[in-house]
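Chemist: So that we are looking at the same thing, I have put the structure below in structure tokens.
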Amino acid sequence: MVKLTTKKVLSEKEFQLISIREEVIKAVEESGIQNGIVLVMSAHTTAGVMVNEDLECLHVDMEKTLDKMAPVVADYAHSHYLPSYGATGGNAPGHLKQMLTGYEVVFPVIEGKALIRFAQDIYFAEFDGPQLRTYYIEVMGE
């Protein structure tokens with residue numbers, strides 16, 4: 001059995017970690033699936049889904065580290081006119097940060113519950129906001 005839930009989130013900043021842990025827990029519980037996996041995935045290439053502790057100081061460290069690895073100002077090839085878009089691409093840092101953090105996470109589902117540990121928060125990670133974004137929660141199993 002497979003149950004797919006589509007969710008929307010509105011980011012408010014260029015870089016933002018938005019907790020979606022409770023939405024994932026609820027989707028698993030409502031799916032009726034007892035044993036399997038839950039996949040949480042971003043629908044975008046400049047936003048990801050990641051797992052880490054929910055500590056404000058850690059959020060700051062993650063943002064600073066990702067900014068060092070993919071700074072806003074750099075000599076990016078993606079900062080030129082793109083005929084396919086009809087506009088100038090200027091969000092290379094968002095693409096690179098998503099590549100570094102990933103766009104999906106997977107958890108086991110055991111006895112109708114997602115096996116998410118105490119220190120594991122699930123984040124929709126915005127790297128090119130503010131924007132209205134979409135992510136998917138897919139529960140698969142029996």
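Chain labels run A, B, ... following the order of the structure tokens; each chain numbers its residues from 1, and ligands are numbered from 1 in the order shown.
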Using the chain letters and numbers from this document, which residues of chain A does DSSP assign to strand (DSSP E or B), as a PyMOL selection string?

Modeler: chain A and resi 2-10+16-19+36-42+47-52+81-82+87-88+104-110+113-114+121-126+132-141

Chemist: Identify, on the basis of only C-alpha atoms, every residue whose closest approach to Ile33 (chain A) does not exceed 7 Å; exclude the query and any residue fewer than 2 positions from it along the same chain; express the result as a ChimeraX atom specification.

Modeler: /A:31,35,112,141-142

Chemist: Just the selected residues (N, CA, C and O atoms), exported as a compact mmCIF listing (two decimals), in the first residue's frame, please.

Modeler:
# COMPACT_ATOMS: atom_id res chain seq x y z
N SER A 31 -2.09 7.14 7.69
CA SER A 31 -1.97 6.30 6.50
C SER A 31 -2.56 4.90 6.70
O SER A 31 -2.94 4.25 5.74
N ASN A 35 3.77 -1.23 8.87
CA ASN A 35 5.19 -1.50 8.73
C ASN A 35 5.64 -1.17 7.32
O ASN A 35 5.01 -1.59 6.35
N GLY A 112 2.88 1.18 12.91
CA GLY A 112 2.08 2.37 12.65
C GLY A 112 2.70 3.70 13.05
O GLY A 112 2.04 4.73 12.97
N GLY A 141 4.14 0.58 2.53
CA GLY A 141 4.28 -0.63 3.33
C GLY A 141 2.98 -1.40 3.40
O GLY A 141 2.13 -1.32 2.53
N GLU A 142 2.84 -2.12 4.51
CA GLU A 142 1.64 -2.96 4.69
C GLU A 142 0.95 -2.67 5.99
O GLU A 142 1.48 -2.13 6.90

Chemist: List every residue of region 49-119 of chain A that DSSP, applied to the backbone, labels as alpha helix (DSSP H), and write the result as a PyMOL selection string.

Modeler: chain A and resi 56-69+92-101

Chemist: Counting only C-alpha atoms, which of A:Val139, A:Ala119, A:Met99, A:Val28 gets nearest to Gly48 (chain A)?

Modeler: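 Ranking A:Val139, A:Ala119, A:Met99, A:Val28 by distance to Gly48 (chain A), first place goes to A:Met99.
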
Chemist: Between CA of Leu55 (chain A) and CA of Ala114 (chain A), what is the distance, to one decimal in Å?

Modeler: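 Computing it gives 21.5 Å between the two atoms.
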
Chemist: Please tabulate, as CSV, the residues of region 112-140 of chain A that come within 12 Å of region 57-78 of chain A, each with its closest pair of atoms and the distance in Å to one decimal, counting only C-alpha atoms and ordering rows by chain, then residue number upward.

Modeler:
residue,atom,partner,partner_atom,distance
A:Asp121,CA,A:His59,CA,11.7
A:Tyr123,CA,A:His59,CA,10.7
A:Ala125,CA,A:Glu63,CA,10.3
A:Glu126,CA,A:Glu63,CA,10.7
A:Phe127,CA,A:Glu63,CA,9.5
A:Asp128,CA,A:Val72,CA,10.5

Chemist: Any chance you can output those residues with C-alpha atoms as an mmCIF file, in the first residue's frame?

Modeler:
data_model
loop_
_atom_site.group_PDB
_atom_site.id
_atom_site.type_symbol
_atom_site.label_atom_id
_atom_site.label_comp_id
_atom_site.auth_asym_id
_atom_site.auth_seq_id
_atom_site.Cartn_x
_atom_site.Cartn_y
_atom_site.Cartn_z
ATOM 1 C CA ASP A 121 13.726 17.017 13.835
ATOM 2 C CA TYR A 123 13.148 20.290 8.337
ATOM 3 C CA ALA A 125 15.140 23.636 4.262
ATOM 4 C CA GLU A 126 14.555 26.791 2.228
ATOM 5 C CA PHE A 127 17.603 28.079 0.347
ATOM 6 C CA ASP A 128 15.968 30.480 -2.149
#

Chemist: Quick one: of A:Val24, A:Val49, A:Val38, A:Tyr135, who's nearest to Phe107 (chain A), counting only C-alpha atoms?

Modeler: A:Val38

Chemist: CA of Val2 (chain A) to CA of Met140 (chain A): how many Å, to one decimal?

Modeler: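 Spanning CA of Val2 (chain A) to CA of Met140 (chain A) is a straight-line distance of 4.5 Å.
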
Chemist: In terms of the shortest atom-to-atom distance over only C-alpha atoms, which of A:Ile18, A:Leu100, A:Ile137, A:Ile110 is closest to Glu56 (chain A)?

Modeler: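 Nearest to Glu56 (chain A): A:Ile18.
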